[in-house]
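Asks: Following this line is start05.txt, made up of compact mmCIF, C-alpha atoms:
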# COMPACT_ATOMS: atom_id res chain seq x y z
CA MET A 1 5.81 -21.12 -9.92
CA GLU A 2 2.52 -20.93 -8.08
CA ILE A 3 1.51 -23.33 -5.34
CA LYS A 4 -2.23 -23.90 -5.04
CA PHE A 5 -3.14 -23.47 -1.38
CA LYS A 6 -6.58 -24.54 -0.17
CA ALA A 7 -7.39 -23.11 3.25
CA THR A 8 -9.50 -25.25 5.59
CA TYR A 9 -9.23 -23.04 8.71
CA VAL A 10 -8.43 -19.32 8.99
CA ASN A 11 -7.69 -17.35 12.15
CA GLU A 12 -8.04 -13.71 11.15
CA ASP A 13 -7.06 -12.40 14.57
CA LEU A 14 -3.67 -14.11 14.61
CA LYS A 15 -3.36 -13.92 10.83
CA TYR A 16 -2.67 -17.51 9.86
CA ALA A 17 -4.42 -20.18 7.85
CA VAL A 18 -4.25 -23.98 7.80
CA GLY A 19 -4.86 -25.98 4.66
CA VAL A 20 -3.57 -28.41 2.05
CA ILE A 21 -1.50 -28.26 -1.12
CA GLY A 22 -0.82 -30.85 -3.78
CA ALA A 23 -2.89 -33.16 -5.95
CA PRO A 24 -6.01 -34.92 -4.57
CA GLY A 25 -5.02 -38.09 -2.78
CA ALA A 26 -1.46 -36.85 -2.25
CA GLU A 27 -2.01 -33.62 -0.33
CA ASP A 28 0.46 -32.09 2.09
CA TYR A 29 -0.69 -30.35 5.27
CA VAL A 30 0.57 -26.79 5.64
CA ILE A 31 0.14 -23.62 7.66
CA ARG A 32 0.59 -20.13 6.21
CA VAL A 33 1.45 -17.35 8.65
CA LEU A 34 1.53 -13.64 7.92
CA ASP A 35 4.72 -11.58 8.40
CA PRO A 36 6.81 -14.33 10.03
CA THR A 37 9.81 -12.06 10.71
CA HIS A 38 7.90 -9.04 12.07
CA ILE A 39 9.88 -6.80 9.75
CA ILE A 40 6.66 -5.18 8.61
CA MET A 41 3.96 -4.79 11.24
CA THR A 42 0.72 -5.24 9.37
CA ASP A 43 -2.54 -3.52 10.00
CA PRO A 44 -5.27 -6.06 10.88
CA GLU A 45 -7.85 -3.85 9.20
CA THR A 46 -6.10 -3.97 5.83
CA TRP A 47 -4.68 -7.50 5.98
CA THR A 48 -5.46 -9.64 2.93
CA PRO A 49 -3.86 -13.05 2.31
CA GLY A 50 -1.36 -12.75 -0.51
CA THR A 51 -0.46 -9.08 -0.16
CA ASP A 52 1.79 -8.97 2.92
CA PRO A 53 4.96 -10.92 3.80
CA SER A 54 4.07 -14.49 4.67
CA ALA A 55 5.56 -17.94 4.81
CA MET A 56 4.23 -21.46 4.35
CA PHE A 57 5.38 -24.35 6.54
CA GLY A 58 4.80 -28.07 6.37
CA ILE A 59 3.00 -29.54 9.37
CA THR A 60 2.19 -33.06 10.50
CA GLU A 61 -1.26 -34.63 10.23
CA GLU A 62 -1.59 -34.43 14.02
CA GLU A 63 -0.86 -30.70 13.94
CA TYR A 64 -3.27 -30.25 11.03
CA LEU A 65 -6.11 -31.93 12.97
CA TRP A 66 -5.71 -29.38 15.76
CA LYS A 67 -7.94 -27.16 13.62
CA ASP A 68 -10.82 -29.41 14.70
CA THR A 69 -9.69 -30.41 18.19
CA ASP A 70 -7.37 -27.85 19.81
CA HIS A 71 -7.20 -24.27 18.52
CA GLU A 72 -4.93 -23.18 21.37
CA LYS A 73 -2.16 -25.54 20.25
CA LEU A 74 -2.58 -24.33 16.70
CA ASP A 75 -2.38 -20.67 17.82
CA ASP A 76 0.81 -21.42 19.75
CA LEU A 77 2.30 -23.17 16.73
CA ALA A 78 1.54 -20.19 14.47
CA GLN A 79 3.10 -17.73 16.93
CA LYS A 80 6.19 -19.90 17.31
CA LEU A 81 6.67 -20.11 13.56
CA ARG A 82 6.65 -16.30 13.34
CA THR A 83 9.60 -15.89 15.67
CA ASP A 84 11.52 -19.14 15.29
CA ILE A 85 11.44 -20.16 11.64
CA PRO A 86 12.39 -23.88 11.20
CA LYS A 87 14.25 -23.98 7.90
CA ASP A 88 13.52 -27.66 7.35
CA ARG A 89 9.77 -27.01 7.38
CA LEU A 90 9.75 -23.80 5.35
CA ILE A 91 8.46 -24.55 1.84
CA ALA A 92 7.34 -21.17 0.44
CA GLU A 93 7.72 -17.44 1.08
CA LYS A 94 6.05 -14.26 -0.11
CA ASP A 95 7.52 -10.80 -0.12
CA GLY A 96 5.61 -7.70 0.97
CA VAL A 97 5.28 -5.87 -2.32
CA ARG A 98 1.76 -4.47 -2.51
CA LYS A 99 0.63 -5.05 -6.05
CA LYS A 100 -2.99 -5.71 -6.86
CA ASP A 101 -2.44 -8.58 -9.30
CA ARG A 102 0.94 -9.83 -8.06
CA ALA A 103 1.92 -13.46 -8.59
CA GLU A 104 3.04 -15.92 -5.94
CA SER A 105 6.74 -15.45 -5.20
CA ILE A 106 8.27 -18.63 -3.78
CA ASP A 107 11.44 -20.64 -3.67
CA TYR A 108 10.09 -23.66 -5.53
CA GLY A 109 13.25 -25.61 -4.85
CA LYS A 110 12.42 -25.56 -1.14
CA TYR A 111 9.00 -27.03 -1.86
CA VAL A 112 10.42 -29.77 -4.10
CA ARG A 113 12.95 -30.81 -1.46
CA TYR A 114 10.36 -30.68 1.30
CA ARG A 115 7.81 -32.70 -0.67
CA LYS A 116 10.37 -35.34 -1.62
CA GLU A 117 11.39 -35.82 2.01
CA ARG A 118 7.78 -35.83 3.22
CA ASN A 119 6.72 -38.37 0.57
CA GLU A 120 9.62 -40.66 1.47
CA GLN A 121 8.67 -40.53 5.15
CA ARG A 122 5.02 -41.26 4.37
CA ARG A 123 5.93 -44.09 2.01
CA ASP A 124 8.29 -45.66 4.53
CA ALA A 125 5.63 -45.53 7.25
CA ALA A 126 2.95 -46.91 4.92
CA ILE A 127 5.14 -49.85 3.85
CA ALA A 128 5.92 -50.73 7.47
CA HIS A 129 2.20 -50.51 8.27
CA MET A 130 1.34 -52.73 5.29
CA LEU A 131 3.93 -55.39 6.10
CA ASN A 132 2.62 -55.69 9.67
CA ALA A 133 -1.02 -56.15 8.62
CA GLU A 134 -2.43 -59.63 9.19
CA GLU A 135 -4.28 -59.53 5.86
CA LEU A 136 -4.33 -57.34 2.76
CA TYR A 137 -7.15 -57.09 0.23
CA CYS A 138 -6.65 -56.53 -3.48
CA MET A 139 -8.96 -55.53 -6.33
CA TYR A 140 -8.91 -58.54 -8.64
CA CYS A 141 -9.98 -59.04 -12.26
CA GLY A 142 -11.58 -62.42 -12.81
CA GLU A 143 -11.29 -62.06 -16.60
CA THR A 144 -7.48 -62.06 -16.45
CA ASN A 145 -7.02 -63.86 -13.11
CA LYS A 146 -4.70 -61.05 -12.05
CA PRO A 147 -4.99 -57.83 -10.00
CA PHE A 148 -7.00 -55.17 -11.81
CA VAL A 149 -4.87 -52.44 -13.42
CA PHE A 150 -6.07 -48.85 -13.04
CA GLN A 151 -5.04 -46.22 -15.59
CA TYR A 152 -2.65 -48.77 -17.14
CA SER A 153 -0.22 -48.42 -14.23
CA TYR A 154 -1.29 -49.23 -10.66
CA MET A 155 -3.34 -51.67 -8.60
CA LEU A 156 -5.38 -51.12 -5.43
CA MET A 157 -4.66 -52.78 -2.08
CA TYR A 158 -6.47 -52.30 1.23
CA GLU A 159 -5.89 -52.94 4.91
CA ASP A 160 -9.61 -53.07 5.74
CA LYS A 161 -11.85 -55.64 4.03
CA ASN A 162 -15.00 -53.54 4.47
CA ILE A 163 -13.44 -50.61 2.63
CA ALA A 164 -12.30 -52.93 -0.16
CA MET A 165 -15.77 -54.48 -0.52
CA GLU A 166 -17.41 -51.07 -0.45
CA GLN A 167 -15.25 -49.76 -3.29
CA ALA A 168 -15.59 -53.01 -5.26
CA ASN A 169 -19.37 -52.60 -5.11
CA GLU A 170 -19.03 -49.05 -6.44
CA PHE A 171 -17.07 -50.35 -9.42
CA ARG A 172 -19.64 -53.09 -10.03
CA LYS A 173 -22.35 -50.42 -10.24
CA ARG A 174 -20.39 -49.09 -13.22
CA ASN A 175 -20.31 -52.59 -14.75
CA VAL A 176 -16.66 -53.18 -13.87
CA PRO A 177 -16.62 -56.81 -12.64
CA LEU A 178 -14.11 -56.59 -9.79
CA LEU A 179 -13.47 -59.20 -7.10
CA VAL A 180 -11.74 -58.78 -3.74
CA SER A 181 -8.84 -61.16 -3.21
CA THR A 182 -7.30 -61.78 0.21
CA PHE A 183 -3.55 -62.04 0.88
CA THR A 184 -2.47 -63.29 4.29
CA LYS A 185 0.71 -62.26 6.06
CA GLU A 186 2.10 -65.74 5.38
CA GLN A 187 1.78 -65.03 1.65
CA TYR A 188 3.58 -61.69 1.54
CA ASN A 189 5.98 -61.35 4.46
CA LYS A 190 7.20 -64.71 5.73
CA GLU A 191 10.75 -65.87 5.19
CA GLU A 192 9.93 -69.44 4.18
CA THR A 193 7.25 -68.66 1.58
CA LYS A 194 7.26 -66.96 -1.78
CA SER A 195 6.11 -63.36 -1.43
CA VAL A 196 3.11 -61.95 -3.27
CA PHE A 197 5.12 -58.79 -3.89
CA HIS A 198 7.80 -60.77 -5.74
CA GLU A 199 5.11 -62.31 -7.93
CA LEU A 200 3.62 -58.90 -8.65
CA MET A 201 7.03 -57.54 -9.61
CA ILE A 202 7.69 -60.35 -12.06
CA LEU A 203 4.25 -59.72 -13.60
CA GLY A 204 5.30 -56.13 -14.21
CA TYR A 205 3.09 -54.34 -11.68
CA PRO A 206 5.01 -51.16 -10.82
CA LEU A 207 2.79 -49.47 -8.22
CA ILE A 208 0.32 -50.14 -5.43
CA LEU A 209 -2.16 -47.52 -4.27
CA PHE A 210 -2.54 -48.54 -0.63
CA PHE A 211 -5.54 -47.61 1.55
CA ASP A 212 -5.10 -47.99 5.29
CA ALA A 213 -7.97 -48.49 7.74
CA GLU A 214 -8.51 -44.69 7.88
CA LYS A 215 -8.75 -44.52 4.05
CA HIS A 216 -5.46 -42.64 3.81
CA GLN A 217 -3.92 -43.28 0.40
CA THR A 218 -0.24 -43.86 -0.40
CA MET A 219 1.26 -44.67 -3.79
CA ILE A 220 4.00 -47.29 -3.23
CA PRO A 221 6.43 -48.72 -5.81
CA ILE A 222 6.62 -52.49 -5.33
CA LYS A 223 10.41 -52.40 -5.59
CA ASP A 224 10.46 -50.14 -2.50
CA ILE A 225 8.49 -52.74 -0.55
CA ILE A 226 11.03 -55.47 -1.31
CA LYS A 227 13.91 -53.15 -0.36
CA HIS A 228 12.24 -52.00 2.86
CA LYS A 229 14.00 -52.82 6.13
CA ASP A 230 10.85 -54.48 7.52
CA PHE A 231 10.48 -56.87 4.59
CA ILE A 232 11.62 -60.36 5.53
CA GLY A 233 10.72 -62.26 2.36
CA GLN A 234 12.99 -64.69 0.58
CA LYS A 235 16.28 -63.31 -0.61
CA ASN A 236 17.96 -66.29 -2.30
CA ASN A 237 18.05 -67.70 -5.84
CA LEU A 238 16.65 -66.04 -8.94
CA ILE A 239 13.75 -66.61 -11.30
CA TYR A 240 13.68 -64.54 -14.47
CA GLY A 241 10.72 -63.01 -16.21
CA ASN A 242 9.53 -60.39 -18.68
CA PRO A 243 7.71 -57.84 -16.50
CA LYS A 244 7.27 -55.27 -19.28
CA LEU A 245 5.75 -57.82 -21.66
CA ASP A 246 3.57 -59.49 -19.01
CA PHE A 247 2.17 -56.14 -17.91
CA ALA A 248 1.47 -55.06 -21.49
CA ILE A 249 -0.40 -58.32 -22.16
CA THR A 250 -2.41 -57.91 -18.93
CA ASN A 251 -3.44 -54.38 -19.92
CA LEU A 252 -4.50 -55.52 -23.39
CA PHE A 253 -6.63 -58.46 -22.25
CA GLN A 254 -8.18 -56.43 -19.45
CA PHE A 255 -9.27 -53.74 -21.91
CA LEU A 256 -10.69 -56.32 -24.33
CA ARG A 257 -12.65 -58.25 -21.70
CA THR A 258 -13.98 -55.64 -19.26
CA PRO A 259 -16.29 -52.65 -19.82
CA ASN A 260 -14.74 -49.23 -20.33
CA ASN A 261 -15.99 -45.71 -19.59
CA MET A 262 -15.65 -44.33 -23.10
CA ASP A 263 -18.43 -42.12 -24.44
CA ARG A 264 -20.85 -44.28 -26.47
CA SER A 265 -23.24 -41.52 -27.57
CA ASP A 266 -21.70 -41.49 -31.06
CA PRO A 267 -21.18 -45.12 -32.21
CA GLU A 268 -18.71 -44.16 -34.93
CA LYS A 269 -16.52 -42.07 -32.61
CA PHE A 270 -16.72 -44.80 -29.99
CA LYS A 271 -15.53 -47.36 -32.52
CA GLN A 272 -12.64 -45.12 -33.55
CA ALA A 273 -11.65 -44.50 -29.92
CA VAL A 274 -11.66 -48.23 -29.14
CA THR A 275 -9.61 -48.95 -32.25
CA ARG A 276 -7.01 -46.34 -31.25
CA GLN A 277 -6.84 -47.70 -27.71
CA ILE A 278 -6.38 -51.29 -28.86
CA ALA A 279 -3.67 -50.15 -31.29
CA PHE A 280 -1.89 -48.36 -28.45
CA LEU A 281 -2.03 -51.40 -26.15
CA GLU A 282 -0.96 -53.70 -28.98
CA SER A 283 2.03 -51.43 -29.64
CA ARG A 284 3.17 -51.85 -26.03
CA VAL A 285 3.01 -55.63 -26.43
CA VAL A 286 5.01 -55.48 -29.67
CA GLU A 287 7.61 -53.13 -28.18
CA ALA A 288 8.14 -55.36 -25.13
CA MET A 289 8.21 -58.51 -27.26
CA SER A 290 10.86 -57.15 -29.63
CA ASP A 291 13.69 -57.60 -27.11
CA ALA A 292 12.16 -60.21 -24.79
CA ARG A 293 13.48 -63.62 -23.83
CA PHE A 294 11.26 -66.62 -23.31
CA LEU A 295 11.28 -69.90 -21.44
CA VAL A 296 11.04 -72.72 -24.00
CA PRO A 297 10.37 -76.32 -22.85
CA THR A 298 13.16 -78.66 -24.02
CA LYS A 299 14.01 -82.32 -23.49
CA GLN A 300 17.22 -84.18 -24.27
CA LEU A 301 16.72 -87.51 -26.05
CA GLU A 302 18.77 -90.65 -25.58
CA ASP A 303 20.83 -89.90 -28.67
CA GLY A 304 21.82 -86.53 -27.23
CA LYS A 305 19.51 -84.43 -29.43
CA VAL A 306 17.33 -81.73 -27.87
CA THR A 307 13.65 -81.61 -28.77
CA THR A 308 10.78 -79.27 -27.98
CA PRO A 309 7.06 -80.07 -27.64
CA VAL A 310 4.49 -78.94 -30.19
CA LEU A 311 0.92 -77.97 -29.33
CA ARG A 312 -1.72 -79.02 -31.85
CA THR A 313 -4.92 -77.02 -31.63
CA GLN A 314 -8.10 -77.78 -33.55
CA PRO A 315 -10.93 -75.22 -33.50
CA LYS A 316 -14.47 -76.40 -32.96
CA LYS A 317 -16.24 -77.86 -35.96
CA GLN A 318 -18.35 -75.25 -37.68
CA GLU A 319 -21.77 -75.98 -39.05
CA ASN A 320 -23.18 -74.62 -42.30
CA ALA A 321 -26.47 -75.08 -44.09
CA GLU A 322 -27.47 -74.74 -47.72
CA GLY A 323 -30.93 -73.53 -48.66
CA THR A 324 -33.16 -75.51 -51.01
CA ALA A 325 -35.42 -74.28 -53.81
CA ASP A 326 -38.50 -74.15 -51.60
CA GLY A 327 -36.69 -72.36 -48.78
CA ALA A 328 -36.22 -75.41 -46.57
CA LYS A 329 -32.74 -76.26 -45.20
CA ASP A 330 -30.84 -79.48 -45.58
CA ALA A 331 -29.34 -81.16 -42.55
CA PRO A 332 -26.30 -79.28 -41.17
CA LYS A 333 -22.96 -80.17 -42.73
CA THR A 334 -19.69 -79.91 -40.84
CA GLU A 335 -16.38 -78.50 -42.01
CA GLU A 336 -13.13 -79.82 -40.60
CA ALA A 337 -11.10 -76.86 -39.36
CA ALA A 338 -7.40 -76.96 -40.11
CA VAL A 339 -5.20 -78.15 -37.28
CA LYS A 340 -2.68 -75.51 -36.17
CA GLN A 341 0.64 -76.19 -34.53
CA PHE A 342 2.32 -73.90 -32.02
CA LEU A 343 5.54 -73.90 -30.05
CA PRO A 344 4.66 -73.41 -26.36
CA VAL A 345 6.72 -70.64 -24.73
CA PHE A 346 6.44 -68.83 -21.41
CA THR A 347 7.17 -65.31 -20.22
CA ASN A 348 8.22 -66.16 -16.66
CA GLY A 349 9.00 -68.99 -14.28
CA MET A 350 5.57 -68.84 -12.62
CA GLU A 351 3.82 -69.50 -15.93
CA PHE A 352 6.20 -72.27 -17.04
CA TYR A 353 4.30 -75.51 -17.31
CA SER A 354 5.71 -79.00 -17.84
CA GLU A 355 3.58 -82.05 -17.12
CA ASN A 356 5.37 -84.42 -14.75
CA ASN A 357 8.47 -82.20 -15.07
CA GLN A 358 9.43 -83.96 -18.28
CA PHE A 359 10.73 -80.75 -19.89
CA LYS A 360 13.36 -78.27 -18.76
CA ALA A 361 13.23 -74.56 -19.53
CA ALA A 362 15.72 -73.02 -21.96
CA VAL A 363 15.95 -69.20 -22.00
CA LEU A 364 15.93 -68.03 -25.63
CA PRO A 365 15.63 -64.56 -27.19
CA TYR A 366 12.68 -63.65 -29.39
CA ASP A 367 14.61 -64.10 -32.66
CA ALA A 368 15.69 -67.63 -31.72
CA VAL A 369 12.09 -68.58 -30.91
CA VAL A 370 10.86 -67.21 -34.24
CA GLU A 371 13.60 -69.13 -36.04
CA MET A 372 12.51 -72.35 -34.31
CA VAL A 373 8.93 -71.70 -35.43
CA LYS A 374 9.95 -71.16 -39.04
CA ASN A 375 12.38 -74.10 -39.15
CA GLY A 376 9.66 -76.37 -37.74
CA LYS A 377 7.10 -74.97 -40.20
CA LEU A 378 4.77 -74.18 -37.31
CA ASP A 379 1.94 -71.63 -37.29
CA GLY A 380 3.55 -69.63 -34.49
CA PHE A 381 4.24 -69.77 -30.78
CA LEU A 382 1.75 -69.72 -27.92
CA LEU A 383 2.54 -67.59 -24.88
CA ASN A 384 1.60 -68.98 -21.45
CA MET A 385 -0.74 -71.74 -22.65
CA LYS A 386 -2.45 -72.28 -19.24
CA SER A 387 -3.03 -68.59 -18.57
CA ARG A 388 -6.30 -66.72 -19.11
CA CYS A 389 -4.14 -64.27 -21.03
CA ALA A 390 -2.64 -66.93 -23.33
CA MET A 391 -1.58 -65.23 -26.56
CA PRO A 392 -0.90 -66.95 -29.92
CA CYS A 393 1.72 -65.17 -32.04
CA GLY A 394 2.13 -65.90 -35.73
CA GLU A 395 3.20 -64.24 -38.97
CA GLU A 396 1.13 -61.12 -38.34
CA ARG A 397 2.76 -60.56 -34.95
CA PHE A 398 6.22 -61.28 -36.36
CA LYS A 399 5.67 -58.59 -39.01
CA GLN A 400 4.55 -56.09 -36.35
CA VAL A 401 7.77 -56.69 -34.42
CA GLU A 402 9.88 -56.22 -37.57
CA ASP A 403 8.01 -53.01 -38.44
CA TYR A 404 8.58 -51.70 -34.92
CA ARG A 405 12.29 -52.50 -35.09
CA THR A 406 12.56 -50.67 -38.42
CA TRP A 407 10.77 -47.64 -36.99
CA LYS A 408 12.94 -47.69 -33.87
CA ALA A 409 16.15 -47.85 -35.92
CA GLU A 410 15.05 -44.79 -37.88
CA HIS A 411 13.98 -42.74 -34.86
CA THR A 412 16.47 -43.75 -32.16
CA PRO A 413 20.08 -42.51 -32.07
CA GLU A 414 22.73 -45.20 -32.19
CA GLU A 415 23.80 -46.57 -28.84
CA SER A 416 26.78 -48.62 -27.83
CA PRO A 417 25.99 -52.36 -27.85
CA VAL A 418 24.96 -53.91 -24.57
CA GLU A 419 26.82 -57.00 -23.43
CA GLU A 420 24.84 -60.14 -22.81
CA PRO A 421 24.32 -60.80 -19.08
CA THR A 422 26.21 -63.78 -17.71
CA GLU A 423 25.86 -65.84 -14.59
CA GLU A 424 28.90 -64.06 -13.15
CA SER A 425 27.18 -60.71 -13.65
CA VAL A 426 24.41 -61.58 -11.18
CA SER A 427 25.30 -60.56 -7.66
CA ASP A 428 24.64 -62.65 -4.59
CA ASN A 429 22.23 -60.15 -3.06
CA GLY A 430 19.44 -60.90 -5.54
CA GLU A 431 20.07 -57.90 -7.80
CA GLY A 432 20.43 -58.63 -11.50
CA PRO A 433 22.70 -56.72 -13.89
CA ALA A 434 21.34 -53.37 -14.96
CA ASP A 435 21.36 -54.28 -18.67
CA THR A 436 19.32 -57.48 -18.47
CA PRO A 437 15.75 -57.36 -19.84
CA PHE A 438 14.73 -59.67 -16.99
CA VAL A 439 13.88 -58.68 -13.45
CA PRO A 440 15.36 -61.03 -10.82
CA ILE A 441 12.67 -62.58 -8.67
CA ILE A 442 13.28 -64.47 -5.47
CA ASN A 443 12.42 -68.13 -5.00
CA LYS A 444 14.08 -69.93 -2.12
CA LYS A 445 12.79 -73.31 -3.26
Written as structure tokens, that's how I'd like the structure from this file.
Replies:
Amino acid sequence: MEIKFKATYVNEDLKYAVGVIGAPGAEDYVIRVLDPTHIIMTDPETWTPGTDPSAMFGITEEEYLWKDTDHEKLDDLAQKLRTDIPKDRLIAEKDGVRKKDRAESIDYGKYVRYRKERNEQRRDAAIAHMLNAEELYCMYCGETNKPFVFQYSYMLMYEDKNIAMEQANEFRKRNVPLLVSTFTKEQYNKEETKSVFHELMILGYPLILFFDAEKHQTMIPIKDIIKHKDFIGQKNNLIYGNPKLDFAITNLFQFLRTPNNMDRSDPEKFKQAVTRQIAFLESRVVEAMSDARFLVPTKQLEDGKVTTPVLRTQPKKQENAEGTADGAKDAPKTEEAAVKQFLPVFTNGMEFYSENNQFKAAVLPYDAVVEMVKNGKLDGFLLNMKSRCAMPCGEERFKQVEDYRTWKAEHTPEESPVEEPTEESVSDNGEGPADTPFVPIINKK
């Protein structure tokens, strides 16, 4: 397999080159030296990169910047690598076969192992740096009241407010209405307060693309932040949520309410593309909902029976007008819209709402919630009624879930049944059982 090497400095006298490999934003710094073992003494007049024995080594950012600040140190490093090859930094080798159109010959396994170790070191350093920052700045979506999701997977977080504001302004120029939200250290890394990272995890955010003050980028899984040795957030008690469902809903509402970059030159193709995208995002909601569990408000009455609240919603009165023979209009008439009734349910403990704490939350699976709706002859259930991403679900949504389950049964091999998680199956260290659809979230209060 070929490694794309982009040289940024070449010393033709000493026959080495410094450059980068890897995808933009996740590059590794490397140095390629010619004939590292001196088995074949090359002729400087005929030397061409890629034709003679060479080796590629990983170098640190400090060593990489020597190309701009200290060529002597870089020359010494190249000479040392020729005679004393450090196996832990060697990531690729070329043989000396002289063939005009030869392909790159490397041990790709060495590169994979090297890159994995390098990425882990960078991620660990970036997390420690982030946790020690006094403030962090996040790209926020006012339409959903949640961090903005990029490419349906990650959010942006910054160490420097000026960099965050600068990039937010660039997005606004493209009609993407982004805000910059500030998180203080007390909000994300203090023992006595609920951590922002826990909240993000329960909302389903998997990744943060972190920019430090030098604009260096690091992709960080939120679960790695909470497991990091420098994280001192709360580590007691559990709150359950539906991260997969919450994240799918956030993606859907964000797409519906914010501008997109789709090509609008052909209105019909644009309409088809939007329809396909909405169908895709809806399918993620349906898939996550099919095996979700919800928090349902319940209250025990004096006679021992358990009751649930019902939300009654009445759309605004609509006006209509009837034309007369001479074209004039009569005074507007109003139509009474039908009152709809919904069972309020919630996807996580942060969304759960009970006025004056008069209701307690019961955790019920999707099928039990639907059964309650049908037995009560309600129009459906309403997810997260106080949220800007509140979602009513009725017969149409129920049918989508059933259709998905039918499709899944036909296209998925049979698996052994998964046991229901119990209280005993939750460990004391804050880790939930592997088979639970909920992610344990910390809340010391």
Asks: Here is a test: counting all atoms listed in the file, which residue of A:Val285, A:Val196, A:Leu364, A:Ile226 is nearest to A:Arg397?
Replies: A:Val285
Asks: Residues at most 10 Å from stretch 250-266 of chain A, counting only C-alpha atoms, excluding those fewer than 4 positions away in the same chain, as an MDAnalysis selection string?
Replies: chainID A and resid 141:153 174:178 203:205 245:246 270:271 273:274 277:285 388:391
Asks: Would you save the residues from that selection as a short mmCIF file (atom, residue, chain, number, x, y, z; two decimals), in the coordinates of the input, using C-alpha atoms?
Replies:
data_model
loop_
_atom_site.label_atom_id
_atom_site.label_comp_id
_atom_site.auth_asym_id
_atom_site.auth_seq_id
_atom_site.Cartn_x
_atom_site.Cartn_y
_atom_site.Cartn_z
CA CYS A 141 -9.98 -59.04 -12.26
CA GLY A 142 -11.58 -62.42 -12.81
CA GLU A 143 -11.29 -62.06 -16.60
CA THR A 144 -7.48 -62.06 -16.45
CA ASN A 145 -7.02 -63.86 -13.11
CA LYS A 146 -4.70 -61.05 -12.05
CA PRO A 147 -4.99 -57.83 -10.00
CA PHE A 148 -7.00 -55.17 -11.81
CA VAL A 149 -4.87 -52.44 -13.42
CA PHE A 150 -6.07 -48.85 -13.04
CA GLN A 151 -5.04 -46.22 -15.59
CA TYR A 152 -2.65 -48.77 -17.14
CA SER A 153 -0.22 -48.42 -14.23
CA ARG A 174 -20.39 -49.09 -13.22
CA ASN A 175 -20.31 -52.59 -14.75
CA VAL A 176 -16.66 -53.18 -13.87
CA PRO A 177 -16.62 -56.81 -12.64
CA LEU A 178 -14.11 -56.59 -9.79
CA LEU A 203 4.25 -59.72 -13.60
CA GLY A 204 5.30 -56.13 -14.21
CA TYR A 205 3.09 -54.34 -11.68
CA LEU A 245 5.75 -57.82 -21.66
CA ASP A 246 3.57 -59.49 -19.01
CA PHE A 270 -16.72 -44.80 -29.99
CA LYS A 271 -15.53 -47.36 -32.52
CA ALA A 273 -11.65 -44.50 -29.92
CA VAL A 274 -11.66 -48.23 -29.14
CA GLN A 277 -6.84 -47.70 -27.71
CA ILE A 278 -6.38 -51.29 -28.86
CA ALA A 279 -3.67 -50.15 -31.29
CA PHE A 280 -1.89 -48.36 -28.45
CA LEU A 281 -2.03 -51.40 -26.15
CA GLU A 282 -0.96 -53.70 -28.98
CA SER A 283 2.03 -51.43 -29.64
CA ARG A 284 3.17 -51.85 -26.03
CA VAL A 285 3.01 -55.63 -26.43
CA ARG A 388 -6.30 -66.72 -19.11
CA CYS A 389 -4.14 -64.27 -21.03
CA ALA A 390 -2.64 -66.93 -23.33
CA MET A 391 -1.58 -65.23 -26.56
#
Asks: Could you pull the residues within 9 Å of A:Asp367, counting all atoms listed in the file, minus those fewer than 4 positions along the same chain, as a list in words?
Replies: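 Here the answer would be Ser290, Asp291, Arg293, Glu371 and Met372 of chain A.
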Asks: Which residues come within 9 Å of A:Lys161, counting all atoms listed in the file, excluding same-chain residues fewer than 3 positions away, as a ChimeraX atom specification?
Replies: /A:135-137,158,164-166,180,182,213
Asks: What is the distance between atom CA of A:Val33 and atom CA of A:His216, in Å to one decimal?
Replies: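 We find that atom CA of A:Val33 and atom CA of A:His216 lie 26.7 Å from each other.
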Asks: For A:Val363, which residue among A:Ala23, A:Asp13, A:Glu191, A:Pro297 is the nearest when counting all atoms listed in the file?
Replies: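 Checking each of A:Ala23, A:Asp13, A:Glu191, A:Pro297 against A:Val363, counting all atoms listed in the file, the winner is A:Pro297.
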Asks: For stretch 139-219 of chain A against stretch 350-360 of chain A, with a cut-off of 12 Å and counting only C-alpha atoms, what is the closest atom pair and its distance in Å to one decimal for every residue that makes the cut, ordered by chain and number, as a tab-separated table?
Replies:
residue	atom	partner	partner_atom	distance
A:Lys194	CA	A:Met350	CA	11.1
A:Val196	CA	A:Met350	CA	11.9
A:His198	CA	A:Met350	CA	10.8
A:Glu199	CA	A:Met350	CA	8.1
A:Leu200	CA	A:Met350	CA	10.9
A:Met201	CA	A:Met350	CA	11.8
A:Ile202	CA	A:Met350	CA	8.8
A:Leu203	CA	A:Met350	CA	9.3
Asks: Rank nothing, just name the residue among A:Ile222, A:Ala168, A:Met155, A:Val286 nearest to A:Lys408, using all atoms listed in the file.
Replies: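 Selected residue with least distance to A:Lys408: A:Val286.
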Asks: Mind pulling up the distance from atom CA of A:Leu156 to atom CA of A:Leu209?
Replies: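 Distance between the two atoms: 5.0 Å.
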Asks: Kindly indicate which residue among A:Ile249, A:Met56, A:Leu81, A:Ala126 lies nearest to A:Thr347, using only C-alpha atoms for the distances.
Replies: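 Going through A:Ile249, A:Met56, A:Leu81, A:Ala126 one by one, the smallest distance to A:Thr347 is for A:Ile249.
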